[in-house]
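So this block is input-v7.pdb, PDB, C-alpha atoms:
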```pdb
ATOM      1  CA  MET A  10     -15.517 -29.613  62.949
ATOM      2  CA  ALA A  11     -13.218 -26.703  62.099
ATOM      3  CA  ALA A  12     -13.209 -23.561  64.195
ATOM      4  CA  HIS A  13     -15.287 -20.583  63.099
ATOM      5  CA  ALA A  14     -13.129 -18.384  60.872
ATOM      6  CA  PHE A  15     -13.876 -14.977  62.434
ATOM      7  CA  ASP A  16     -15.643 -13.539  65.463
ATOM      8  CA  THR A  17     -15.851 -10.093  63.873
ATOM      9  CA  GLU A  18     -19.081  -8.212  64.543
ATOM     10  CA  ILE A  19     -20.673  -7.561  61.145
ATOM     11  CA  THR A  20     -23.666  -5.338  60.444
ATOM     12  CA  GLU A  21     -25.846  -6.686  57.646
ATOM     13  CA  THR A  22     -28.324  -4.627  55.656
ATOM     14  CA  ALA A  23     -30.323  -5.534  52.567
ATOM     15  CA  GLU A  24     -27.562  -4.041  50.403
ATOM     16  CA  ALA A  25     -24.298  -4.571  52.260
ATOM     17  CA  LEU A  26     -22.098  -6.199  54.871
ATOM     18  CA  ILE A  27     -20.378  -3.625  57.080
ATOM     19  CA  GLY A  28     -17.464  -4.317  59.378
ATOM     20  CA  PRO A  29     -16.626  -2.589  62.656
ATOM     21  CA  TRP A  30     -14.483   0.530  62.977
ATOM     22  CA  ARG A  31     -10.832  -0.430  63.365
ATOM     23  CA  GLN A  32      -7.500   1.340  63.897
ATOM     24  CA  PRO A  33      -4.888  -0.468  61.766
ATOM     25  CA  ARG A  34      -1.342  -0.572  63.137
ATOM     26  CA  GLN A  35       1.663   0.783  61.259
ATOM     27  CA  MET A  36       4.503  -1.778  61.187
ATOM     28  CA  LEU A  37       6.774  -0.363  58.501
ATOM     29  CA  GLN A  38       8.501   2.513  60.317
ATOM     30  CA  ALA A  39      11.824   0.700  59.871
ATOM     31  CA  GLN A  40      11.246  -0.276  56.233
ATOM     32  CA  THR A  41      14.149   0.473  53.899
ATOM     33  CA  TYR A  42      14.713   0.019  50.186
ATOM     34  CA  ASP A  43      17.457   1.323  47.946
ATOM     35  CA  ALA A  44      19.296   2.067  51.237
ATOM     36  CA  HIS A  45      16.839   4.776  52.302
ATOM     37  CA  ALA A  46      13.676   5.084  54.354
ATOM     38  CA  SER A  47      10.226   4.701  52.794
ATOM     39  CA  ILE A  48       6.900   6.530  52.741
ATOM     40  CA  HIS A  49       6.080   4.680  55.978
ATOM     41  CA  ASP A  50       8.821   6.579  57.848
ATOM     42  CA  ASP A  51       7.512   9.763  59.518
ATOM     43  CA  THR A  52      10.385  12.026  58.463
ATOM     44  CA  THR A  53      10.437  10.821  54.858
ATOM     45  CA  ALA A  54       6.649  11.066  54.542
ATOM     46  CA  GLN A  55       6.540  14.570  56.031
ATOM     47  CA  LYS A  56       9.139  15.800  53.533
ATOM     48  CA  LEU A  57       6.745  14.700  50.795
ATOM     49  CA  GLY A  58       3.743  16.517  52.266
ATOM     50  CA  PHE A  59       2.143  13.730  54.326
ATOM     51  CA  LYS A  60       1.297  14.084  58.029
ATOM     52  CA  GLY A  61       3.461  11.102  58.915
ATOM     53  CA  GLY A  62       4.290   7.547  57.990
ATOM     54  CA  THR A  63       1.403   5.980  56.084
ATOM     55  CA  ILE A  64      -0.169   2.575  56.706
ATOM     56  CA  GLU A  65       0.560   0.201  53.846
ATOM     57  CA  GLY A  66      -2.471  -0.406  51.640
ATOM     58  CA  PRO A  67      -2.804  -4.205  51.932
ATOM     59  CA  THR A  68      -3.094  -3.835  55.725
ATOM     60  CA  HIS A  69      -6.683  -2.822  54.965
ATOM     61  CA  PHE A  70      -7.387  -6.091  53.164
ATOM     62  CA  SER A  71      -7.721  -7.866  56.515
ATOM     63  CA  GLN A  72     -10.886  -5.938  57.347
ATOM     64  CA  PHE A  73     -12.603  -7.351  54.263
ATOM     65  CA  ALA A  74     -11.740 -10.983  55.078
ATOM     66  CA  PRO A  75     -14.605 -11.539  57.567
ATOM     67  CA  LEU A  76     -17.044  -9.974  55.091
ATOM     68  CA  GLY A  77     -15.858 -12.242  52.285
ATOM     69  CA  ALA A  78     -16.010 -15.279  54.566
ATOM     70  CA  ARG A  79     -19.553 -14.377  55.683
ATOM     71  CA  LEU A  80     -20.700 -14.031  52.075
ATOM     72  CA  TRP A  81     -18.846 -16.928  50.424
ATOM     73  CA  GLY A  82     -17.651 -19.234  53.221
ATOM     74  CA  GLN A  83     -14.763 -21.597  52.494
ATOM     75  CA  ALA A  84     -14.601 -20.431  48.863
ATOM     76  CA  TRP A  85     -13.301 -17.072  50.075
ATOM     77  CA  PHE A  86     -10.113 -18.692  51.399
ATOM     78  CA  GLU A  87      -9.671 -20.832  48.294
ATOM     79  CA  SER A  88     -10.500 -18.475  45.410
ATOM     80  CA  GLY A  89     -11.135 -15.030  46.915
ATOM     81  CA  CYS A  90      -9.966 -11.852  45.205
ATOM     82  CA  LEU A  91      -9.659  -8.257  46.396
ATOM     83  CA  SER A  92      -9.006  -5.646  43.705
ATOM     84  CA  ALA A  93      -8.556  -2.112  45.034
ATOM     85  CA  HIS A  94      -7.607   1.401  43.997
ATOM     86  CA  TYR A  95      -6.137   3.253  46.973
ATOM     87  CA  ARG A  96      -7.773   6.674  47.151
ATOM     88  CA  SER A  97      -6.198   8.307  50.215
ATOM     89  CA  VAL A  98      -3.598   7.471  52.827
ATOM     90  CA  CYS A  99      -4.363   6.330  56.347
ATOM     91  CA  TYR A 100      -2.339   7.101  59.463
ATOM     92  CA  GLU A 101      -2.025   5.112  62.669
ATOM     93  CA  GLY A 102      -4.779   6.083  65.084
ATOM     94  CA  GLU A 103      -7.359   6.807  62.389
ATOM     95  CA  GLU A 104     -10.482   4.638  62.362
ATOM     96  CA  VAL A 105     -11.579   2.967  59.148
ATOM     97  CA  GLN A 106     -14.511   0.766  58.186
ATOM     98  CA  ALA A 107     -14.843  -1.892  55.472
ATOM     99  CA  ILE A 108     -18.052  -2.058  53.435
ATOM    100  CA  LEU A 109     -18.922  -4.840  50.997
ATOM    101  CA  SER A 110     -21.969  -4.349  48.787
ATOM    102  CA  LYS A 111     -23.806  -7.620  48.205
ATOM    103  CA  PRO A 112     -23.486  -9.091  44.703
ATOM    104  CA  LEU A 113     -26.442  -9.313  42.385
ATOM    105  CA  PRO A 114     -28.164 -12.723  42.352
ATOM    106  CA  GLY A 115     -26.269 -15.264  40.282
ATOM    107  CA  THR A 116     -23.024 -13.253  40.322
ATOM    108  CA  SER A 117     -19.840 -13.715  42.346
ATOM    109  CA  GLN A 118     -18.395 -10.197  42.340
ATOM    110  CA  CYS A 119     -19.353  -7.088  44.283
ATOM    111  CA  GLN A 120     -18.171  -3.585  45.124
ATOM    112  CA  ILE A 121     -16.030  -2.792  48.156
ATOM    113  CA  GLN A 122     -15.190   0.458  49.881
ATOM    114  CA  MET A 123     -13.270   1.603  52.955
ATOM    115  CA  VAL A 124     -13.982   4.942  54.624
ATOM    116  CA  LYS A 125     -12.735   7.030  57.526
ATOM    117  CA  ARG A 126     -14.987   8.537  60.209
ATOM    118  CA  ASP A 127     -15.174  11.820  58.288
ATOM    119  CA  GLY A 128     -16.295  10.031  55.121
ATOM    120  CA  THR A 129     -12.919  10.157  53.358
ATOM    121  CA  GLU A 130     -12.619   7.191  51.013
ATOM    122  CA  VAL A 131      -9.469   5.131  51.643
ATOM    123  CA  LEU A 132     -10.037   2.609  48.866
ATOM    124  CA  ARG A 133     -12.633   1.319  46.445
ATOM    125  CA  GLY A 134     -12.750  -1.736  44.229
ATOM    126  CA  THR A 135     -14.227  -5.206  43.908
ATOM    127  CA  ALA A 136     -14.298  -8.487  45.819
ATOM    128  CA  SER A 137     -15.035 -11.802  44.164
ATOM    129  CA  VAL A 138     -14.603 -15.563  44.281
ATOM    130  CA  GLY A 139     -13.840 -17.997  41.485
ATOM    131  CA  GLU A 140     -14.014 -16.685  37.946
ATOM    132  CA  PRO A 141     -16.492 -13.791  37.901
ATOM    133  CA  GLN A 142     -18.021 -12.814  34.570
ATOM    134  CA  ALA A 143     -17.167  -9.121  34.930
ATOM    135  CA  ALA A 144     -13.718  -7.520  34.974
ATOM    136  CA  THR A 145     -12.277  -6.805  38.413
ATOM    137  CA  ALA A 146     -11.736  -3.180  39.408
ATOM    138  CA  LEU A 147      -8.088  -3.238  38.336
ATOM    139  CA  GLU A 148      -8.673  -5.228  35.164
ATOM    140  CA  ALA A 149     -11.052  -2.465  34.129
ATOM    141  CA  ARG A 150      -8.565   0.191  35.246
ATOM    142  CA  LEU A 151      -5.746  -1.408  33.253
ATOM    143  CA  GLY A 152      -7.853  -1.270  30.127
ATOM    144  CA  GLU A 153      -8.307   2.492  30.511
ATOM    145  CA  LEU A 154      -4.679   3.462  31.199
ATOM    146  CA  LYS A 155      -2.827   5.870  28.970
ATOM    147  CA  PRO A 156       0.797   4.849  28.315
ATOM    148  CA  LEU A 157       3.447   6.665  30.346
ATOM    149  CA  ALA A 158       4.700   9.705  28.437
ATOM    150  CA  ASP A 159       8.191  11.171  28.908
ATOM    151  CA  PRO A 160       9.446   8.752  31.570
ATOM    152  CA  VAL A 161      12.406   9.720  33.711
ATOM    153  CA  ILE A 162      12.482   7.390  36.709
ATOM    154  CA  LEU A 163      11.118   4.480  34.647
ATOM    155  CA  ARG A 164      12.805   5.281  31.336
ATOM    156  CA  ASP A 165      14.739   1.991  31.295
ATOM    157  CA  VAL A 166      11.757  -0.167  32.311
ATOM    158  CA  LYS A 167       9.905  -1.938  29.506
ATOM    159  CA  VAL A 168       6.509  -3.628  29.371
ATOM    160  CA  ALA A 169       6.846  -7.433  29.311
ATOM    161  CA  GLN A 170      10.092  -7.431  31.330
ATOM    162  CA  THR A 171       9.926 -10.622  33.394
ATOM    163  CA  SER A 172      11.955 -11.670  36.425
ATOM    164  CA  LYS A 173      13.515 -15.032  37.082
ATOM    165  CA  ARG A 174      11.532 -17.306  39.380
ATOM    166  CA  GLN A 175      12.348 -16.932  43.056
ATOM    167  CA  THR A 176      11.471 -19.257  45.933
ATOM    168  CA  VAL A 177       9.748 -17.647  48.912
ATOM    169  CA  ARG A 178       8.279 -18.890  52.162
ATOM    170  CA  MET A 179       6.841 -17.397  55.344
ATOM    171  CA  ALA A 180       7.366 -19.051  58.728
ATOM    172  CA  PHE A 181       5.778 -17.703  61.911
ATOM    173  CA  ASP A 182       8.963 -16.214  63.363
ATOM    174  CA  GLN A 183      10.742 -15.322  60.124
ATOM    175  CA  ASN A 184      11.690 -11.663  59.801
ATOM    176  CA  MET A 185      10.604 -10.716  56.280
ATOM    177  CA  GLY A 186      13.604  -8.495  55.558
ATOM    178  CA  ASP A 187      14.279  -4.803  54.891
ATOM    179  CA  LEU A 188      10.999  -4.329  53.025
ATOM    180  CA  TYR A 189       8.966  -5.946  55.810
ATOM    181  CA  PRO A 190      10.961  -5.831  59.061
ATOM    182  CA  PHE A 191       8.608  -7.979  61.149
ATOM    183  CA  SER A 192       7.368 -11.556  61.375
ATOM    184  CA  LEU A 193       3.993 -13.165  60.798
ATOM    185  CA  ARG A 194       3.681 -13.796  64.526
ATOM    186  CA  GLN A 195       4.248 -10.092  65.221
ATOM    187  CA  LYS A 196       1.636  -9.177  62.621
ATOM    188  CA  LEU A 197      -0.934 -11.574  64.082
ATOM    189  CA  ALA A 198      -0.495  -9.879  67.467
ATOM    190  CA  VAL A 199      -1.880  -6.617  66.038
ATOM    191  CA  ILE A 200      -3.847  -7.616  62.908
ATOM    192  CA  THR A 201      -7.277  -5.969  62.774
ATOM    193  CA  GLU A 202      -9.120  -9.271  62.195
ATOM    194  CA  ASN A 203      -7.446 -12.355  63.620
ATOM    195  CA  SER A 204      -8.583 -15.909  62.985
ATOM    196  CA  PRO A 205      -7.744 -19.352  64.356
ATOM    197  CA  TYR A 206      -7.207 -20.288  60.707
ATOM    198  CA  TYR A 207      -4.079 -18.108  60.716
ATOM    199  CA  SER A 208      -2.326 -19.629  63.705
ATOM    200  CA  GLY A 209      -3.043 -23.366  63.690
ATOM    201  CA  ALA A 210      -4.484 -26.410  61.982
ATOM    202  CA  ASP A 211      -8.077 -26.008  63.228
ATOM    203  CA  ASN A 212      -9.498 -25.255  59.785
ATOM    204  CA  PRO A 213     -10.721 -27.174  56.700
ATOM    205  CA  TRP A 214      -7.167 -27.603  55.325
ATOM    206  CA  GLY A 215      -5.446 -28.771  58.495
ATOM    207  CA  ARG A 216      -2.641 -26.173  58.226
ATOM    208  CA  ALA A 217      -2.170 -22.547  59.235
ATOM    209  CA  VAL A 218      -3.082 -20.250  56.343
ATOM    210  CA  ILE A 219      -1.482 -16.924  55.451
ATOM    211  CA  PRO A 220      -3.784 -13.872  55.781
ATOM    212  CA  MET A 221      -4.439 -12.048  52.526
ATOM    213  CA  GLU A 222      -2.631  -8.898  53.651
ATOM    214  CA  MET A 223       0.468 -10.993  54.381
ATOM    215  CA  LEU A 224       0.351 -12.545  50.916
ATOM    216  CA  SER A 225       1.480  -9.135  49.698
ATOM    217  CA  VAL A 226       4.498  -9.436  52.005
ATOM    218  CA  LEU A 227       5.263 -12.979  50.840
ATOM    219  CA  PHE A 228       5.024 -12.107  47.156
ATOM    220  CA  GLN A 229       7.257  -9.019  47.528
ATOM    221  CA  TYR A 230       9.734 -10.675  49.908
ATOM    222  CA  ARG A 231      12.572 -11.131  47.399
ATOM    223  CA  SER A 232      11.601  -8.465  44.875
ATOM    224  CA  LYS A 233      14.755  -6.452  45.586
ATOM    225  CA  ASP A 234      16.934  -9.427  44.625
ATOM    226  CA  GLU A 235      16.128  -8.573  41.001
ATOM    227  CA  PRO A 236      14.986  -4.945  40.977
ATOM    228  CA  LEU A 237      13.638  -3.029  38.025
ATOM    229  CA  PRO A 238      16.157  -0.694  36.363
ATOM    230  CA  THR A 239      14.623   2.450  37.859
ATOM    231  CA  LYS A 240      16.347   5.756  38.617
ATOM    232  CA  GLY A 241      16.758   6.628  42.257
ATOM    233  CA  PRO A 242      16.849   6.849  45.134
ATOM    234  CA  ALA A 243      13.158   7.680  45.000
ATOM    235  CA  VAL A 244      10.121   6.957  47.166
ATOM    236  CA  GLY A 245       7.211   4.827  46.000
ATOM    237  CA  LEU A 246       3.831   3.799  47.322
ATOM    238  CA  PHE A 247       1.162   1.258  46.432
ATOM    239  CA  ALA A 248      -1.520   2.985  44.344
ATOM    240  CA  ASP A 249      -3.498  -0.060  43.127
ATOM    241  CA  GLN A 250      -3.391  -3.689  44.230
ATOM    242  CA  GLU A 251      -5.206  -6.918  43.454
ATOM    243  CA  ILE A 252      -4.594 -10.250  45.183
ATOM    244  CA  ARG A 253      -6.329 -13.285  43.708
ATOM    245  CA  LEU A 254      -6.319 -16.799  45.113
ATOM    246  CA  ILE A 255      -6.712 -19.474  42.443
ATOM    247  CA  LYS A 256      -5.839 -22.702  44.259
ATOM    248  CA  GLY A 257      -5.811 -21.373  47.792
ATOM    249  CA  PRO A 258      -5.261 -20.957  50.545
ATOM    250  CA  LEU A 259      -1.499 -20.456  50.809
ATOM    251  CA  PHE A 260       0.126 -21.996  53.865
ATOM    252  CA  VAL A 261       2.593 -20.923  56.522
ATOM    253  CA  ASP A 262       6.079 -22.429  56.082
ATOM    254  CA  GLU A 263       5.330 -23.717  52.568
ATOM    255  CA  ALA A 264       7.709 -22.931  49.687
ATOM    256  CA  TYR A 265       6.328 -21.163  46.614
ATOM    257  CA  ASP A 266       7.928 -19.849  43.438
ATOM    258  CA  VAL A 267       7.131 -16.356  42.203
ATOM    259  CA  GLU A 268       7.828 -14.498  38.976
ATOM    260  CA  ARG A 269       7.037 -10.892  38.177
ATOM    261  CA  GLU A 270       6.182  -9.236  34.873
ATOM    262  CA  VAL A 271       5.777  -5.574  33.972
ATOM    263  CA  VAL A 272       2.329  -5.401  32.376
ATOM    264  CA  ALA A 273       1.875  -1.624  32.045
ATOM    265  CA  LEU A 274       3.529   1.745  32.616
ATOM    266  CA  SER A 275       1.421   4.776  33.469
ATOM    267  CA  GLY A 276       1.757   8.169  35.078
ATOM    268  CA  SER A 277       0.095  11.137  36.734
ATOM    269  CA  ARG A 278       1.109  14.685  37.544
ATOM    270  CA  ARG A 279       3.019  13.487  40.618
ATOM    271  CA  THR A 280       3.963   9.889  39.831
ATOM    272  CA  GLU A 281       5.436   7.378  37.417
ATOM    273  CA  SER A 282       3.921   3.915  37.805
ATOM    274  CA  ALA A 283       5.083   0.397  37.023
ATOM    275  CA  TRP A 284       2.281  -2.175  37.053
ATOM    276  CA  MET A 285       3.617  -5.600  38.021
ATOM    277  CA  ARG A 286       1.830  -8.934  37.819
ATOM    278  CA  THR A 287       3.204 -11.579  40.150
ATOM    279  CA  ARG A 288       2.402 -15.222  39.456
ATOM    280  CA  VAL A 289       2.764 -17.684  42.312
ATOM    281  CA  PHE A 290       3.425 -21.406  41.774
ATOM    282  CA  ASP A 291       3.249 -24.341  44.181
ATOM    283  CA  LYS A 292       5.752 -27.215  44.196
ATOM    284  CA  THR A 293       3.840 -28.985  41.389
ATOM    285  CA  GLY A 294       4.112 -25.929  39.128
ATOM    286  CA  ARG A 295       0.445 -24.906  39.368
ATOM    287  CA  VAL A 296      -0.406 -21.208  39.536
ATOM    288  CA  VAL A 297      -2.042 -20.856  42.958
ATOM    289  CA  ALA A 298      -2.306 -17.063  43.216
ATOM    290  CA  THR A 299      -1.583 -13.815  41.412
ATOM    291  CA  MET A 300      -0.996 -10.216  42.437
ATOM    292  CA  LEU A 301      -1.351  -7.086  40.344
ATOM    293  CA  LEU A 302       0.467  -4.136  41.905
ATOM    294  CA  ASN A 303       0.821  -0.535  40.795
ATOM    295  CA  MET A 304       3.976   0.805  42.441
ATOM    296  CA  ALA A 305       3.763   4.570  41.932
ATOM    297  CA  THR A 306       7.016   6.488  42.402
ATOM    298  CA  LEU A 307       6.786  10.125  43.477
ATOM    299  CA  LYS A 308       8.579  12.344  40.972
ATOM    300  CA  GLU A 309       9.464  14.941  43.604
ATOM    301  CA  SER A 310      11.268  12.311  45.692
ATOM    302  CA  TYR A 311      13.896  11.824  42.968
ATOM    303  CA  ALA A 312      16.411  14.649  43.422
ATOM    304  CA  ARG A 313      17.531  14.671  39.775
ATOM    305  CA  TYR A 314      14.047  14.492  38.249
ATOM    306  CA  GLU A 315      13.813  18.032  36.836
ATOM    307  CA  GLU A 316      17.400  18.052  35.617
ATOM    308  CA  GLU A 317      17.085  14.717  33.842
ATOM    309  CA  TYR A 318      13.699  15.600  32.396
ATOM    310  CA  ARG A 319      15.181  18.679  30.726
ATOM    311  CA  GLN A 320      18.119  16.631  29.430
ATOM    312  CA  LEU A 321      15.766  14.053  27.930
ATOM    313  CA  TYR A 322      12.866  16.157  26.697
ATOM    314  CA  GLY A 323      13.764  19.826  27.018
ATOM    315  CA  ASP A 324      11.121  22.021  28.610
ATOM    316  CA  THR A 325       8.243  20.744  26.471
ATOM    317  CA  GLY A 326       5.192  19.548  28.334
ATOM    318  CA  ARG A 327       6.413  20.756  31.721
TER     319      ARG A 327
END
```
Would you kindly transcribe this structure into structure tokens?
Amino acid sequence: MAAHAFDTEITETAEALIGPWRQPRQMLQAQTYDAHASIHDDTTAQKLGFKGGTIEGPTHFSQFAPLGARLWGQAWFESGCLSAHYRSVCYEGEEVQAILSKPLPGTSQCQIQMVKRDGTEVLRGTASVGEPQAATALEARLGELKPLADPVILRDVKVAQTSKRQTVRMAFDQNMGDLYPFSLRQKLAVITENSPYYSGADNPWGRAVIPMEMLSVLFQYRSKDEPLPTKGPAVGLFADQEIRLIKGPLFVDEAYDVEREVVALSGSRRTESAWMRTRVFDKTGRVVATMLLNMATLKESYARYEEEYRQLYGDTGR
């Protein structure tokens, strides 16, 4: 008999499953990319108008795992999907709560939300298992995007650009590099919702499984080996993210191949965004998981933005 997946205290109402208040830990203070600090560094974040280093979005995915497991059981670990639009940043020390609205009878997708104590919405989206009939939150969002106009930072990036396949793996004590300067074991020491499934073989698959928030780390692990041709240095942040298990779970110390494709380019007043779909293959060549990620780059963080915009487009539209 496998161990129980989670001991998380869950409040259940007729409409929803509600997790406890948690204070996620910030583990990316030392993150670097393009030889400079990231939005998770206090000094860098403060220069861009944030109170301090922000907690990375997928950290919040762990708080939804017990809710998904309560609702769908083993299927959550094998074919679960979280699809989220990040609405506001979260700082270490702030309390947040995960809320999963129960699906309608006969359906396998529902709404999710995370809020702070003051009611500020951190994220919203959908959770599902298997192949739900309705579009996920980000599938719907992709269909509504307007193409990026007048790109500067992303002017050399094209939709349908695809990377070469890269092999990735995550062992317990493996430092995950400049992007993620910590190990799985260090993460499990502070993760908001731990599980015996994550640390040993006492589960239905007989092997330690990788938490969903750490799948983001695994899939991005070698992304800088073949970077997009963006202008920089500039600072980016995750604005939208979907992780879908297809033939899950994914296992600790197992090799997987990943390839990334640019599926959309979009923008806002402050950002230029590259939407990347990562496909993950096991050793037999099966797709076992996918990730859709909107990496939004802050225009103001690129020192030459205004100058290059004028060179490219004049003063029109600015």
Q: Using the chain letters and residue numbers of this document, give as a PyMOL selection string the residues selected by the PyMOL selection byres ((chain A and resi 77) around 12).
A: chain A and resi 14-15+17+19+25-28+70-76+78-91+107-112+117-121+135-138+221
Q | Residues matched by the PyMOL selection byres ((chain A and resi 206) around 9) as number ranges by chain | A | A: 11-15, 203-205, 207-213, 215-220
Q: Rank A:Phe260, A:Tyr314, A:Trp30, A:Trp214 by their smallest atom-to-atom distance to Gly102 of chain A, using all atoms listed in the file, and report the top residue only.
A: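 The answer is A:Trp30, which sits nearest to Gly102 of chain A.
Residue nearest Thr306 of chain A within the list A:Ser275, A:Ser92, A:Gln122, A:Ser282: A:Ser282 [criterion: smallest interatomic distance, all atoms listed in the file].
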Q) Could you spell out the hits of the PyMOL selection byres ((chain A and resi 199) around 12) on the shown file, as a list of chain:residue names? A)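 This file gives the following for the PyMOL selection byres ((chain A and resi 199) around 12): A:Arg31, A:Gln32, A:Pro33, A:Arg34, A:Gln35, A:Met36, A:Thr68, A:Ser71, A:Phe191, A:Ser192, A:Leu193, A:Arg194, A:Gln195, A:Lys196, A:Leu197, A:Ala198, A:Ile200, A:Thr201, A:Glu202, A:Asn203, A:Ser204.
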For the contact check between segment 301-321 of chain A and segment 239-258 of chain A, emit one row per residue of segment 301-321 of chain A within 7 Å, containing the shortest atom pair and the distance in Å rounded to one decimal, counting all atoms listed in the file, chain then rising number order, as a tab-separated table.
```
residue	atom	partner	partner_atom	distance
A:Leu301	CA	A:Glu251	CA	5.0
A:Leu302	CA	A:Gln250	CA	4.5
A:Asn303	CA	A:Asp249	CA	4.9
A:Met304	CA	A:Phe247	CA	4.9
A:Ala305	CA	A:Gly245	CA	5.3
A:Thr306	CA	A:Gly245	CA	4.0
A:Leu307	CA	A:Gly245	CA	5.9
A:Ser310	CA	A:Ala243	CA	5.0
A:Tyr311	CA	A:Ala243	CA	4.7
```
Q: State, in Å with one decimal place, the distance from atom CA of Phe181 of chain A to atom CA of Glu235 of chain A.
A: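 Pair atom CA of Phe181 of chain A / atom CA of Glu235 of chain A returns 25.1 Å.
Across A:Val297, A:Val124, A:Ala273, A:Val289, the tightest approach to Leu157 of chain A is made by A:Ala273 when counting all atoms listed in the file.
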